[in-house]
Amino acid sequence: VLQECLKRNSADLKPLHPIQHLHITHPKLQEYCEKLENVQRKIVLFREEHGGGDSGLDLDALCVQYQAKKDLLLEVDCVQSEIVALENNEHIEQKLGAMYRVLRRLKMIDADNDVITIKGKIACELSCGDELILTELLFSNFLTQLDCDYINALLSCFVYDEVLSPTSSSSSSSSTAVEHHSSKFGDELNEKLYKQLREKIVAICELQKECKLELNSKKYIESFGNGLMDVALSWSRGAKFSEISGKMTAVYEGTIIRVLKRLDELLSELLTCSKLVGNDVLTKKLTICKQKIKRDIVFSSSLYL
C-alpha cells in the first residue's frame with residue numbers, strides 16, 4: 001500500500017489528517033490541529049517573505065537564537081525580581097531580625113535596652129575565627145582549664161576547614177585521606193576536646209535555626225576542621241617541621257604553614273580579648289601559646305633562609 005501511494009503521489013506525499021482521515025474524536029484534538037495549522041501558515045509566510053524557499057534560511061540557527069533570547073528574558077525577570085526585593089529590603093530585614101534574635105539569645109545584646117554587652121564587644125574583636133563559638137569558649141572558661149598545647153590544638157579547628165584527614169602513616173596516600181571530614185586522632189584528649197567543641201557548635205547551630213536564621217548546618221559544622229589538631233599539638237610541643245609535615249599528615253606543607261600563621265593571628269585576638277575581660281590566667285596561657293606556635297622556619301621571613 002505504501003509503495004502504491006508513493007508511485008501515485010511521487011515525492012508529494014501528504015500527511016493524513018487525524019480528524020478527517022483517521023477519525024480521531026479526542027475533545028482537544030481540534031484545538032491542537034488548528035494551532036498546528038496556524039504555525040504552518042506562519043512558516044510558509046515567513047519563507048515567502050525571505051525569498052520563497054529554504055535557500056539562505058537556517059532554521060536551526062534561528063531556533064538557537066530564539067532560545068537564547070528566551071533565556072535572556074528569563075534572566076532579566078529574575079534580576080528584576082531581585083532588584084524589587086532589594087528595594088523593599090525584605091530579605092535583608094528578615095536576616096537582620098534573625099541575627100538580632102541570635103545575639104539576644106546569646107546575651108551579646110541587652111534584651112531590655114538593646115545595648116551591646118561586654119560579651120558582644122568581645123565578639124566584635126574576633127575576626128580570625130567564628131566569633132560566636134570563640135566568645136562562648138572565652139566566657140565559659142573552657143580554654144582556661146586546658147593546657148597551653150591543647151589550647152593550640154583546639155584553636156586549630158577555627159583556622160583549618162579543608163576536608164582532609166591526617167594519617168598516622170607516611171605511606172598513606174592523599175586519595176585515601178579525602179574520605180571523611182573527621183579524622184582519626186593520635187591523641188585521646190584531642191578527640192575528647194573536639195567532641196566537646198562539636199557539641200557547642202551544634203548547640204549554636206540549633207539556636208540559629210530556632211531564631212529562623214538561614215544556615216547550612218552541615219557546611220557550618222564542617223567549617224571547623226579537626227585535621228590538624230595533632231599537628232598543632234606536636235608543633236606546640238616543639239616538634240620539627242619535617243616531622244609533622246612528612247609523617248603526621250598528608251596535608252601540603254604550604255597549608256600547614258598558612259594554618260599555623262592564622263593560628264598565631266587568632267591567638268593575638270584572643271589575647272586582646274582576655275585582657276579586656278580581665279582574665280589574667282587565660283592571658284598568661286595565651287601568651288605562652290603564642291610563644292610555642294611562633295617559632296622556627298614557619299615564621300621565617302623566607303623559607304629559603
# chains A, B, ... in the order shown; residues from 1 in each chain; ligands from 1
>>> residues_around(residues="region 145-148 of chain A", least_positions_apart="6", cutoff="12 Å", atoms="only C-alpha atoms", output="list of chain:residue names")
A:Leu137, A:Leu138, A:Leu154, A:Leu155, A:Leu189, A:Asn190, A:Leu193, A:Ala232, A:Leu233, A:Ser234, A:Trp235, A:Ser236, A:Arg237, A:Leu267, A:Val281, A:Leu282, A:Thr283, A:Lys284, A:Lys285, A:Leu286, A:Thr287, A:Ile288, A:Cys289, A:Lys290, A:Gln291, A:Lys292, A:Ile293
>>> write_last_selection(atoms="N, CA and C atoms", output="CSV table (one decimal), in the first residue's frame")
chain,number,residue,atom,x,y,z
A,137,LEU,N,33.4,30.1,74.2
A,137,LEU,CA,34.6,29.4,74.9
A,137,LEU,C,35.2,30.4,75.9
A,138,LEU,N,35.4,31.6,75.5
A,138,LEU,CA,36.0,32.6,76.5
A,138,LEU,C,35.2,32.8,77.7
A,154,LEU,N,43.2,22.8,69.9
A,154,LEU,CA,41.8,23.0,69.7
A,154,LEU,C,41.5,24.2,68.8
A,155,LEU,N,42.3,25.3,69.0
A,155,LEU,CA,42.0,26.5,68.2
A,155,LEU,C,42.4,26.3,66.7
A,189,LEU,N,43.0,12.9,74.2
A,189,LEU,CA,42.4,14.2,74.8
A,189,LEU,C,42.0,15.1,73.6
A,190,ASN,N,42.7,15.1,72.5
A,190,ASN,CA,42.3,15.9,71.3
A,190,ASN,C,41.0,15.4,70.9
A,193,LEU,N,38.4,16.7,73.3
A,193,LEU,CA,38.2,18.2,73.2
A,193,LEU,C,37.4,18.5,71.9
A,232,ALA,N,49.1,20.6,65.2
A,232,ALA,CA,49.3,21.8,66.1
A,232,ALA,C,49.8,21.4,67.5
A,233,LEU,N,49.3,20.3,68.0
A,233,LEU,CA,49.8,19.8,69.3
A,233,LEU,C,51.2,19.5,69.3
A,234,SER,N,51.7,18.7,68.3
A,234,SER,CA,53.1,18.4,68.2
A,234,SER,C,54.0,19.6,68.0
A,235,TRP,N,53.5,20.5,67.1
A,235,TRP,CA,54.3,21.7,66.9
A,235,TRP,C,54.4,22.6,68.1
A,236,SER,N,53.4,22.6,68.9
A,236,SER,CA,53.4,23.4,70.2
A,236,SER,C,54.3,22.7,71.2
A,237,ARG,N,54.5,21.4,71.1
A,237,ARG,CA,55.4,20.7,72.0
A,237,ARG,C,56.8,20.7,71.5
A,267,LEU,N,45.4,33.7,68.1
A,267,LEU,CA,45.9,33.8,69.5
A,267,LEU,C,46.0,35.3,69.9
A,281,VAL,N,44.6,34.7,84.2
A,281,VAL,CA,45.1,33.3,84.0
A,281,VAL,C,45.1,32.9,82.5
A,282,LEU,N,44.0,33.3,81.8
A,282,LEU,CA,44.0,33.0,80.4
A,282,LEU,C,45.0,33.8,79.6
A,283,THR,N,45.2,35.1,80.0
A,283,THR,CA,46.1,35.9,79.4
A,283,THR,C,47.5,35.3,79.4
A,284,LYS,N,47.9,34.8,80.6
A,284,LYS,CA,49.2,34.2,80.7
A,284,LYS,C,49.3,33.0,79.8
A,285,LYS,N,48.3,32.2,79.8
A,285,LYS,CA,48.3,30.9,79.0
A,285,LYS,C,48.4,31.2,77.5
A,286,LEU,N,47.6,32.2,77.0
A,286,LEU,CA,47.6,32.6,75.6
A,286,LEU,C,49.0,33.2,75.2
A,287,THR,N,49.6,33.9,76.1
A,287,THR,CA,51.0,34.4,75.8
A,287,THR,C,52.0,33.3,75.6
A,288,ILE,N,51.8,32.2,76.4
A,288,ILE,CA,52.7,31.1,76.3
A,288,ILE,C,52.4,30.3,75.0
A,289,CYS,N,51.1,30.3,74.7
A,289,CYS,CA,50.6,29.6,73.4
A,289,CYS,C,51.2,30.3,72.2
A,290,LYS,N,51.3,31.6,72.2
A,290,LYS,CA,51.9,32.3,71.1
A,290,LYS,C,53.4,32.0,71.0
A,291,GLN,N,54.1,31.9,72.1
A,291,GLN,CA,55.5,31.6,72.1
A,291,GLN,C,55.8,30.2,71.6
A,292,LYS,N,54.9,29.3,71.9
A,292,LYS,CA,55.0,27.9,71.4
A,292,LYS,C,54.8,27.8,69.9
A,293,ILE,N,53.9,28.6,69.4
A,293,ILE,CA,53.5,28.5,68.0
A,293,ILE,C,54.5,29.3,67.1
>>> closest_atom_pairs(of="region 81-125 of chain A", to="region 200-205 of chain A", cutoff="12 Å", atoms="only C-alpha atoms", output="CSV")
residue,atom,partner,partner_atom,distance
A:Val102,CA,A:Ile204,CA,8.9
A:Leu103,CA,A:Ile204,CA,10.8
A:Arg105,CA,A:Ile204,CA,10.2
A:Leu106,CA,A:Ile204,CA,9.0
>>> write_last_selection(atoms="C-alpha atoms", output="compact mmCIF listing (two decimals), in the first residue's frame")
# COMPACT_ATOMS: atom_id res chain seq x y z
CA VAL A 102 20.58 35.15 67.94
CA LEU A 103 22.66 37.87 69.61
CA ARG A 105 19.69 34.77 73.00
CA LEU A 106 23.48 34.63 73.44
>>> select_by_dssp(residues="region 181-213 of chain A", states="alpha helix (DSSP H)", output="list in words")
Glu188, Leu189, Asn190, Glu191, Lys192, Leu193, Tyr194, Lys195, Gln196, Leu197, Arg198, Glu199, Lys200, Ile201, Val202, Ala203, Ile204, Cys205, Glu206, Leu207, Gln208, Lys209 and Glu210 of chain A
>>> write_last_selection(atoms="N, CA, C and O atoms", output="PDB file, in the first residue's frame")
ATOM      1  N   GLU A 188      44.193  11.031  72.570  1.00  0.00           N
ATOM      2  CA  GLU A 188      42.841  10.806  73.093  1.00  0.00           C
ATOM      3  C   GLU A 188      42.203  12.092  73.599  1.00  0.00           C
ATOM      4  O   GLU A 188      41.006  12.316  73.409  1.00  0.00           O
ATOM      5  N   LEU A 189      42.986  12.939  74.239  1.00  0.00           N
ATOM      6  CA  LEU A 189      42.429  14.193  74.751  1.00  0.00           C
ATOM      7  C   LEU A 189      42.006  15.114  73.617  1.00  0.00           C
ATOM      8  O   LEU A 189      41.012  15.839  73.727  1.00  0.00           O
ATOM      9  N   ASN A 190      42.744  15.091  72.518  1.00  0.00           N
ATOM     10  CA  ASN A 190      42.340  15.863  71.344  1.00  0.00           C
ATOM     11  C   ASN A 190      40.960  15.436  70.872  1.00  0.00           C
ATOM     12  O   ASN A 190      40.116  16.265  70.513  1.00  0.00           O
ATOM     13  N   GLU A 191      40.743  14.139  70.822  1.00  0.00           N
ATOM     14  CA  GLU A 191      39.443  13.611  70.391  1.00  0.00           C
ATOM     15  C   GLU A 191      38.338  14.045  71.344  1.00  0.00           C
ATOM     16  O   GLU A 191      37.257  14.448  70.918  1.00  0.00           O
ATOM     17  N   LYS A 192      38.619  14.005  72.645  1.00  0.00           N
ATOM     18  CA  LYS A 192      37.630  14.414  73.641  1.00  0.00           C
ATOM     19  C   LYS A 192      37.310  15.903  73.513  1.00  0.00           C
ATOM     20  O   LYS A 192      36.147  16.320  73.570  1.00  0.00           O
ATOM     21  N   LEU A 193      38.362  16.711  73.318  1.00  0.00           N
ATOM     22  CA  LEU A 193      38.159  18.157  73.191  1.00  0.00           C
ATOM     23  C   LEU A 193      37.358  18.499  71.942  1.00  0.00           C
ATOM     24  O   LEU A 193      36.498  19.395  71.966  1.00  0.00           O
ATOM     25  N   TYR A 194      37.633  17.793  70.847  1.00  0.00           N
ATOM     26  CA  TYR A 194      36.887  18.072  69.621  1.00  0.00           C
ATOM     27  C   TYR A 194      35.415  17.714  69.780  1.00  0.00           C
ATOM     28  O   TYR A 194      34.542  18.416  69.265  1.00  0.00           O
ATOM     29  N   LYS A 195      35.127  16.622  70.479  1.00  0.00           N
ATOM     30  CA  LYS A 195      33.732  16.241  70.721  1.00  0.00           C
ATOM     31  C   LYS A 195      33.019  17.320  71.534  1.00  0.00           C
ATOM     32  O   LYS A 195      31.869  17.665  71.259  1.00  0.00           O
ATOM     33  N   GLN A 196      33.709  17.866  72.540  1.00  0.00           N
ATOM     34  CA  GLN A 196      33.112  18.932  73.343  1.00  0.00           C
ATOM     35  C   GLN A 196      32.893  20.192  72.505  1.00  0.00           C
ATOM     36  O   GLN A 196      31.860  20.870  72.633  1.00  0.00           O
ATOM     37  N   LEU A 197      33.868  20.502  71.651  1.00  0.00           N
ATOM     38  CA  LEU A 197      33.727  21.660  70.759  1.00  0.00           C
ATOM     39  C   LEU A 197      32.568  21.449  69.795  1.00  0.00           C
ATOM     40  O   LEU A 197      31.779  22.374  69.557  1.00  0.00           O
ATOM     41  N   ARG A 198      32.467  20.263  69.256  1.00  0.00           N
ATOM     42  CA  ARG A 198      31.393  19.963  68.305  1.00  0.00           C
ATOM     43  C   ARG A 198      30.022  20.106  68.962  1.00  0.00           C
ATOM     44  O   ARG A 198      29.061  20.568  68.328  1.00  0.00           O
ATOM     45  N   GLU A 199      29.916  19.724  70.224  1.00  0.00           N
ATOM     46  CA  GLU A 199      28.646  19.890  70.949  1.00  0.00           C
ATOM     47  C   GLU A 199      28.265  21.363  71.048  1.00  0.00           C
ATOM     48  O   GLU A 199      27.100  21.717  70.869  1.00  0.00           O
ATOM     49  N   LYS A 200      29.252  22.212  71.307  1.00  0.00           N
ATOM     50  CA  LYS A 200      28.981  23.654  71.371  1.00  0.00           C
ATOM     51  C   LYS A 200      28.601  24.198  69.993  1.00  0.00           C
ATOM     52  O   LYS A 200      27.711  25.051  69.884  1.00  0.00           O
ATOM     53  N   ILE A 201      29.257  23.689  68.954  1.00  0.00           N
ATOM     54  CA  ILE A 201      28.953  24.134  67.591  1.00  0.00           C
ATOM     55  C   ILE A 201      27.526  23.756  67.217  1.00  0.00           C
ATOM     56  O   ILE A 201      26.771  24.576  66.682  1.00  0.00           O
ATOM     57  N   VAL A 202      27.145  22.530  67.520  1.00  0.00           N
ATOM     58  CA  VAL A 202      25.791  22.058  67.203  1.00  0.00           C
ATOM     59  C   VAL A 202      24.758  22.862  67.981  1.00  0.00           C
ATOM     60  O   VAL A 202      23.695  23.216  67.453  1.00  0.00           O
ATOM     61  N   ALA A 203      25.062  23.190  69.246  1.00  0.00           N
ATOM     62  CA  ALA A 203      24.134  23.972  70.067  1.00  0.00           C
ATOM     63  C   ALA A 203      23.915  25.364  69.464  1.00  0.00           C
ATOM     64  O   ALA A 203      22.773  25.846  69.371  1.00  0.00           O
ATOM     65  N   ILE A 204      25.010  26.015  69.039  1.00  0.00           N
ATOM     66  CA  ILE A 204      24.892  27.336  68.410  1.00  0.00           C
ATOM     67  C   ILE A 204      24.133  27.227  67.089  1.00  0.00           C
ATOM     68  O   ILE A 204      23.317  28.103  66.745  1.00  0.00           O
ATOM     69  N   CYS A 205      24.392  26.153  66.369  1.00  0.00           N
ATOM     70  CA  CYS A 205      23.722  25.928  65.089  1.00  0.00           C
ATOM     71  C   CYS A 205      22.218  25.779  65.291  1.00  0.00           C
ATOM     72  O   CYS A 205      21.412  26.356  64.554  1.00  0.00           O
ATOM     73  N   GLU A 206      21.817  25.012  66.297  1.00  0.00           N
ATOM     74  CA  GLU A 206      20.396  24.818  66.590  1.00  0.00           C
ATOM     75  C   GLU A 206      19.760  26.124  67.046  1.00  0.00           C
ATOM     76  O   GLU A 206      18.610  26.421  66.699  1.00  0.00           O
ATOM     77  N   LEU A 207      20.500  26.909  67.814  1.00  0.00           N
ATOM     78  CA  LEU A 207      19.973  28.194  68.274  1.00  0.00           C
ATOM     79  C   LEU A 207      19.700  29.124  67.094  1.00  0.00           C
ATOM     80  O   LEU A 207      18.669  29.810  67.054  1.00  0.00           O
ATOM     81  N   GLN A 208      20.614  29.153  66.127  1.00  0.00           N
ATOM     82  CA  GLN A 208      20.416  29.990  64.942  1.00  0.00           C
ATOM     83  C   GLN A 208      19.210  29.531  64.140  1.00  0.00           C
ATOM     84  O   GLN A 208      18.474  30.343  63.588  1.00  0.00           O
ATOM     85  N   LYS A 209      18.993  28.224  64.084  1.00  0.00           N
ATOM     86  CA  LYS A 209      17.816  27.704  63.383  1.00  0.00           C
ATOM     87  C   LYS A 209      16.533  28.111  64.105  1.00  0.00           C
ATOM     88  O   LYS A 209      15.534  28.469  63.475  1.00  0.00           O
ATOM     89  N   GLU A 210      16.555  28.039  65.437  1.00  0.00           N
ATOM     90  CA  GLU A 210      15.382  28.430  66.214  1.00  0.00           C
ATOM     91  C   GLU A 210      15.047  29.897  66.006  1.00  0.00           C
ATOM     92  O   GLU A 210      13.876  30.287  66.053  1.00  0.00           O
TER      93      GLU A 210
END
>>> atom_distance(atom1="CA of Gly225 (chain A)", atom2="CA of Phe139 (chain A)")
22.4 Å
>>> residues_around(residues="His91 (chain A)", least_positions_apart="6", cutoff="12 Å", atoms="only C-alpha atoms", output="ChimeraX atom specification")
/A:82-85,97-98,213-214
>>> closest_residue(among="A:Gln40, A:Asn89, A:Ser81, A:Thr255", to="Gly227 (chain A)", atoms="only C-alpha atoms")
A:Thr255
>>> residues_around(residues="Lys261 (chain A)", least_positions_apart="4", cutoff="9 Å", atoms="only C-alpha atoms", output="number ranges by chain")
A: 256-257, 265-266, 293-294, 298-299
>>> residues_around(residues="Arg104 (chain A)", least_positions_apart="5", cutoff="10 Å", atoms="only C-alpha atoms", output="number ranges by chain")
A: 98-99, 109-112, 114-117, 120
